[in-house]
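This is structure-v9.cif. It holds mmCIF, C-alpha atoms and all ligand atoms.
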data_run
loop_
_atom_site.label_atom_id
_atom_site.label_comp_id
_atom_site.auth_asym_id
_atom_site.auth_seq_id
_atom_site.Cartn_x
_atom_site.Cartn_y
_atom_site.Cartn_z
CA MET I 1330 0.00 0.00 0.00
CA LEU I 1331 1.32 3.43 -0.88
CA LEU I 1332 1.08 5.25 2.40
CA ILE I 1333 1.65 8.78 1.21
CA GLU I 1334 -1.59 9.76 -0.44
CA GLU I 1335 -2.57 12.89 -2.23
CA VAL I 1336 -3.14 15.71 0.22
CA LYS I 1337 -6.70 16.91 0.22
CA TYR I 1338 -6.91 20.66 0.48
CA SER I 1339 -9.97 22.19 2.01
CA ASN I 1340 -8.48 25.67 1.64
CA ARG I 1341 -7.92 25.70 -2.10
CA ARG I 1342 -7.20 29.25 -3.11
CA ARG I 1343 -9.69 30.91 -5.38
CA VAL I 1344 -7.98 32.90 -8.08
CA MET I 1345 -9.57 36.30 -8.48
CA SER I 1346 -12.01 36.19 -11.30
CA THR I 1347 -11.26 38.35 -14.29
CA PRO I 1348 -14.17 39.47 -16.50
CA GLY I 1349 -14.51 36.86 -19.23
CA TYR I 1350 -12.53 34.21 -17.30
CA PRO I 1351 -14.14 31.85 -14.79
CA ALA I 1352 -12.61 31.63 -11.32
CA GLN I 1353 -10.30 28.65 -11.02
CA SER I 1354 -9.01 26.82 -8.01
CA LEU I 1355 -5.39 25.81 -8.01
CA SER I 1356 -4.02 22.61 -6.54
CA PRO I 1357 -0.92 22.79 -4.33
CA TYR I 1358 0.95 21.23 -7.28
CA GLU I 1359 -0.05 24.15 -9.48
CA ARG I 1360 0.61 26.70 -6.77
CA VAL I 1361 4.23 25.57 -6.32
CA GLY I 1362 4.84 25.77 -10.08
CA GLY I 1363 4.24 22.22 -11.30
CA VAL I 1364 6.79 19.61 -12.22
CA LYS I 1365 9.63 22.03 -13.05
CA ALA I 1366 9.49 23.57 -9.59
CA ILE I 1367 9.25 20.15 -7.94
CA GLN I 1368 12.29 18.96 -9.92
CA SER I 1369 14.24 21.95 -8.59
CA VAL I 1370 13.15 21.17 -5.04
CA VAL I 1371 14.21 17.54 -5.41
CA ASP I 1372 17.56 18.49 -7.01
CA HIS I 1373 18.24 20.76 -4.06
CA LEU I 1374 17.17 18.06 -1.61
CA TYR I 1375 19.68 15.54 -2.95
CA PHE I 1376 22.34 18.24 -3.21
CA LEU I 1377 21.97 18.65 0.56
CA ILE I 1378 21.72 14.93 1.30
CA MET I 1379 24.81 13.99 -0.71
CA ARG I 1380 26.89 16.59 1.14
CA ASP I 1381 25.89 15.28 4.54
CA GLU I 1382 28.43 12.79 5.89
CA GLN I 1383 25.82 11.29 8.20
CA VAL I 1384 23.27 10.36 5.56
CA LYS I 1385 24.97 10.12 2.18
CA ARG I 1386 26.28 6.62 2.94
CA TYR I 1387 22.75 5.24 2.77
CA PHE I 1388 22.81 6.04 -0.94
CA ASN I 1389 26.04 4.16 -1.73
CA GLN I 1390 24.19 1.38 -3.57
CA ALA I 1391 21.37 3.52 -4.96
CA TYR I 1392 20.95 4.71 -8.54
CA LEU I 1393 20.34 8.37 -7.76
CA PRO I 1394 18.67 9.47 -11.03
CA SER I 1395 15.99 6.84 -10.52
CA VAL I 1396 15.49 7.69 -6.83
CA LYS I 1397 15.18 11.39 -7.72
CA ALA I 1398 12.73 10.72 -10.55
CA HIS I 1399 10.59 8.67 -8.19
CA MET I 1400 10.75 11.39 -5.54
CA VAL I 1401 9.58 14.00 -8.07
CA LYS I 1402 6.58 11.84 -8.98
CA LEU I 1403 5.76 11.05 -5.38
CA LEU I 1404 5.88 14.70 -4.34
CA SER I 1405 3.87 15.74 -7.40
CA GLN I 1406 1.20 13.18 -6.58
CA LEU I 1407 1.16 14.19 -2.93
CA LEU I 1408 0.49 17.79 -3.93
CA GLY I 1409 -2.38 16.95 -6.24
CA GLY I 1410 -0.45 16.65 -9.51
CA PRO I 1411 -0.49 13.68 -11.90
CA ARG I 1412 -0.77 10.28 -10.21
CA GLU I 1413 2.31 8.81 -11.89
CA TYR I 1414 4.33 7.37 -9.03
CA THR I 1415 5.56 3.92 -10.06
CA GLY I 1416 8.30 3.38 -7.46
CA ARG I 1417 8.26 0.87 -4.65
CA GLU I 1418 6.13 1.22 -1.57
CA LEU I 1419 8.04 3.32 0.95
CA ASP I 1420 8.50 0.49 3.43
CA ASP I 1421 9.86 -1.81 0.71
CA ALA I 1422 12.22 0.90 -0.57
CA HIS I 1423 13.73 1.61 2.85
CA ARG I 1424 13.48 -1.51 5.02
CA HIS I 1425 16.89 -2.89 4.04
CA LEU I 1426 18.59 0.42 4.89
CA CYS I 1427 17.92 0.28 8.66
CA ILE I 1428 17.56 4.07 8.82
CA GLU I 1429 18.15 5.67 12.22
CA PRO I 1430 15.49 8.09 13.53
CA GLU I 1431 17.96 10.99 13.72
CA HIS I 1432 18.88 10.44 10.08
CA TYR I 1433 15.22 10.49 9.11
CA ALA I 1434 14.90 13.80 10.96
CA ARG I 1435 17.94 15.18 9.10
CA VAL I 1436 16.52 14.26 5.72
CA GLY I 1437 13.12 15.58 6.81
CA ARG I 1438 14.68 18.93 7.65
CA TYR I 1439 16.36 18.98 4.23
CA VAL I 1440 12.98 18.35 2.58
CA LEU I 1441 11.47 21.29 4.43
CA ALA I 1442 14.49 23.52 3.79
CA SER I 1443 14.35 22.71 0.06
CA LEU I 1444 10.68 23.69 -0.04
CA LEU I 1445 11.37 26.94 1.81
CA VAL I 1446 14.27 28.05 -0.38
CA HIS I 1447 12.02 27.50 -3.38
CA HIS I 1448 9.42 29.80 -1.83
CA VAL I 1449 6.80 27.11 -1.49
CA PRO I 1450 3.86 28.65 0.41
CA GLU I 1451 3.97 27.95 4.12
CA ASP I 1452 0.63 26.17 4.27
CA ILE I 1453 1.97 23.60 1.79
CA VAL I 1454 5.25 23.25 3.73
CA GLU I 1455 3.18 22.57 6.86
CA VAL I 1456 1.24 19.83 5.11
CA VAL I 1457 4.44 18.16 3.89
CA LYS I 1458 5.83 18.41 7.42
CA ASP I 1459 2.75 16.61 8.79
CA VAL I 1460 3.15 13.90 6.15
CA LEU I 1461 6.81 13.44 7.07
CA VAL I 1462 6.03 13.13 10.77
CA ALA I 1463 3.20 10.69 10.05
CA HIS I 1464 5.37 8.46 7.84
CA GLU I 1465 8.46 8.18 9.99
CA GLU I 1466 7.43 4.76 11.22
CA VAL I 1467 7.20 3.45 7.66
CA ILE I 1468 10.76 4.46 6.81
CA VAL I 1469 12.92 4.17 9.92
CA ALA I 1470 14.08 0.97 11.56
CA ALA I 1471 12.91 1.82 15.09
CA PRO I 1472 10.76 4.94 15.10
CA ARG I 1473 11.06 7.57 17.76
CA THR I 1474 8.52 10.18 16.83
CA GLY I 1475 8.63 13.90 17.36
CA VAL I 1476 12.37 14.53 17.09
CA GLY I 1477 13.93 17.55 15.50
CA TRP I 1478 11.33 18.76 13.07
CA SER I 1479 12.01 22.47 13.12
CA VAL I 1480 14.03 23.73 10.14
C1 LIG B 1501 11.66 11.76 4.32
C2 LIG B 1501 10.85 10.89 3.74
C3 LIG B 1501 11.29 10.04 2.57
C4 LIG B 1501 10.62 9.85 1.43
C5 LIG B 1501 9.28 10.44 1.05
C6 LIG B 1501 11.43 8.99 0.61
C7 LIG B 1501 11.10 8.58 -0.68
C8 LIG B 1501 11.84 7.72 -1.42
C9 LIG B 1501 11.48 7.26 -2.72
C10 LIG B 1501 10.24 7.69 -3.49
C11 LIG B 1501 12.43 6.40 -3.15
C12 LIG B 1501 12.48 5.67 -4.48
C13 LIG B 1501 11.80 4.32 -4.38
C14 LIG B 1501 12.02 3.52 -5.64
O1 LIG B 1501 12.90 3.87 -6.44
O2 LIG B 1501 11.32 2.50 -5.84
C15 LIG B 1501 13.41 6.33 -2.10
C16 LIG B 1501 14.55 5.56 -2.14
C17 LIG B 1501 15.56 5.65 -1.24
N1 LIG B 1501 15.57 6.37 -0.09
FE1 LIG B 1501 14.07 7.47 0.62
N2 LIG B 1501 12.57 8.67 1.29
C18 LIG B 1501 12.53 9.29 2.49
C19 LIG B 1501 13.48 9.25 3.47
C20 LIG B 1501 14.70 8.64 3.35
C21 LIG B 1501 15.75 8.70 4.34
C22 LIG B 1501 15.63 9.39 5.70
C23 LIG B 1501 16.81 8.03 3.81
C24 LIG B 1501 18.18 7.80 4.41
C25 LIG B 1501 18.71 8.49 5.38
C26 LIG B 1501 16.41 7.53 2.52
C27 LIG B 1501 17.19 6.77 1.70
C28 LIG B 1501 16.78 6.22 0.52
C29 LIG B 1501 17.63 5.35 -0.30
C30 LIG B 1501 19.07 4.94 -0.02
C31 LIG B 1501 16.86 4.97 -1.39
C32 LIG B 1501 17.27 4.03 -2.53
C33 LIG B 1501 17.00 2.61 -2.04
C34 LIG B 1501 17.37 1.57 -3.10
O3 LIG B 1501 17.57 1.93 -4.27
O4 LIG B 1501 17.40 0.38 -2.74
N3 LIG B 1501 15.13 7.92 2.27
N4 LIG B 1501 13.04 7.14 -1.06
#
Let me see the file written as structure tokens.
Ligand code: HEM
Amino acid sequence: MLLIEEVKYSNRRRVMSTPGYPAQSLSPYERVGGVKAIQSVVDHLYFLIMRDEQVKRYFNQAYLPSVKAHMVKLLSQLLGGPREYTGRELDDAHRHLCIEPEHYARVGRYVLASLLVHHVPEDIVEVVKDVLVAHEEVIVAAPRTGVGWSV
């Protein structure tokens, strides 16, 4: 089962209606700038991860272009974009890595930092943060919730 599901937004922003154009509501995916913006966020995320001595070793055996492509699709789907994620379930993708809780928190902070430096609206950052907290137990070896989530 894919545990990260599309985030349902109750507070979809209404774009001001222009005479002749109907009001539209934008998904979080559209609000952040679509796939190009999400690719930039993910590039930045792995830039940070691969410069962190504590976490980069987990990726020694990984084929990074594929991991990044899957992360782009997962994040896009989470934010209400196309449902195109074809990677493994998150528990299957991470179980063999025996990830420590503090390393999950480090990567989580990098996710949030990457969103912030790309000027992703704060309400969307908050939703991603909630998703990260909620999915720690799927990804880490022995979860210890609630550690180190401030950026
Ligand atoms: C923060 C939440 C995380 C999400 C949403 C996430 C998401 C993903 C996704 C979508 C993949 C690709 C799956 C596939 O290709 O089938 C992946 C792979 C991977 N992730 Fe994560 N990940 C997270 C946290 C972490 C953390 C904390 C680490 C290590 C410190 C990590 C290390 C890896 C590695 C090494 C792979 C490649 C595994 C392999 O190829 O066997 N991930 N992750």
Report task. Collect all residues with atoms no farther than 7 Å from ligand LIG 1501 (chain B), counting all atoms listed in the file, and output them as a list of chain:residue names. Result -> I:Val1384, I:Tyr1387, I:Phe1388, I:Gln1390, I:Ala1391, I:Tyr1392, I:Ser1395, I:Val1396, I:His1399, I:Met1400, I:Leu1403, I:Gly1416, I:Arg1417, I:Glu1418, I:Leu1419, I:Ala1422, I:His1423, I:Leu1426, I:Ile1428, I:His1432, I:Tyr1433, I:Ala1434, I:Val1436, I:Gly1437, I:Val1440, I:Leu1461, I:Ile1468
**Report entry** Å distance separating atom CA of Gly1410 of chain I from atom CA of Val1454 of chain I, one decimal place
**Finding:** 15.9 Å
**Report entry** Contacts of His1448 of chain I at 10 Å (only C-alpha atoms; same-chain gap of 4+ positions) as an MDAnalysis selection string
**Finding:** chainID I and resid 1361 1366 1370 1442:1444 1454
Requested in this report: Find the residue from I:Val1469, I:Val1460, I:Thr1415, I:Leu1408 that sits nearest to Gly1363 of chain I; use all atoms listed in the file when measuring.
Outcome: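 Using all atoms listed in the file, Gly1363 of chain I sits closest to I:Leu1408.
In this model, the gap between atom CA of Gln1383 of chain I and atom CA of His1447 of chain I comes to 24.2 Å.
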Report task. Check the smallest atom-to-atom distance from each of I:Arg1435, I:Leu1445, I:Glu1466, I:Leu1404 to Glu1382 of chain I using all atoms listed in the file, then report the winner. Result ->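 Of I:Arg1435, I:Leu1445, I:Glu1466, I:Leu1404, the one nearest Glu1382 of chain I, counting all atoms listed in the file, is I:Arg1435.
Rounded to one decimal, atom CA of Glu1465 of chain I and atom CA of Ile1378 of chain I lie 17.2 Å from each other.
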Query raised in the report: Which of these, I:Lys1458, I:Lys1385, I:Lys1365, I:His1425, has the shortest distance to Leu1441 of chain I once you count only C-alpha atoms?
Result: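 Closest to Leu1441 of chain I of all the choices is I:Lys1458.
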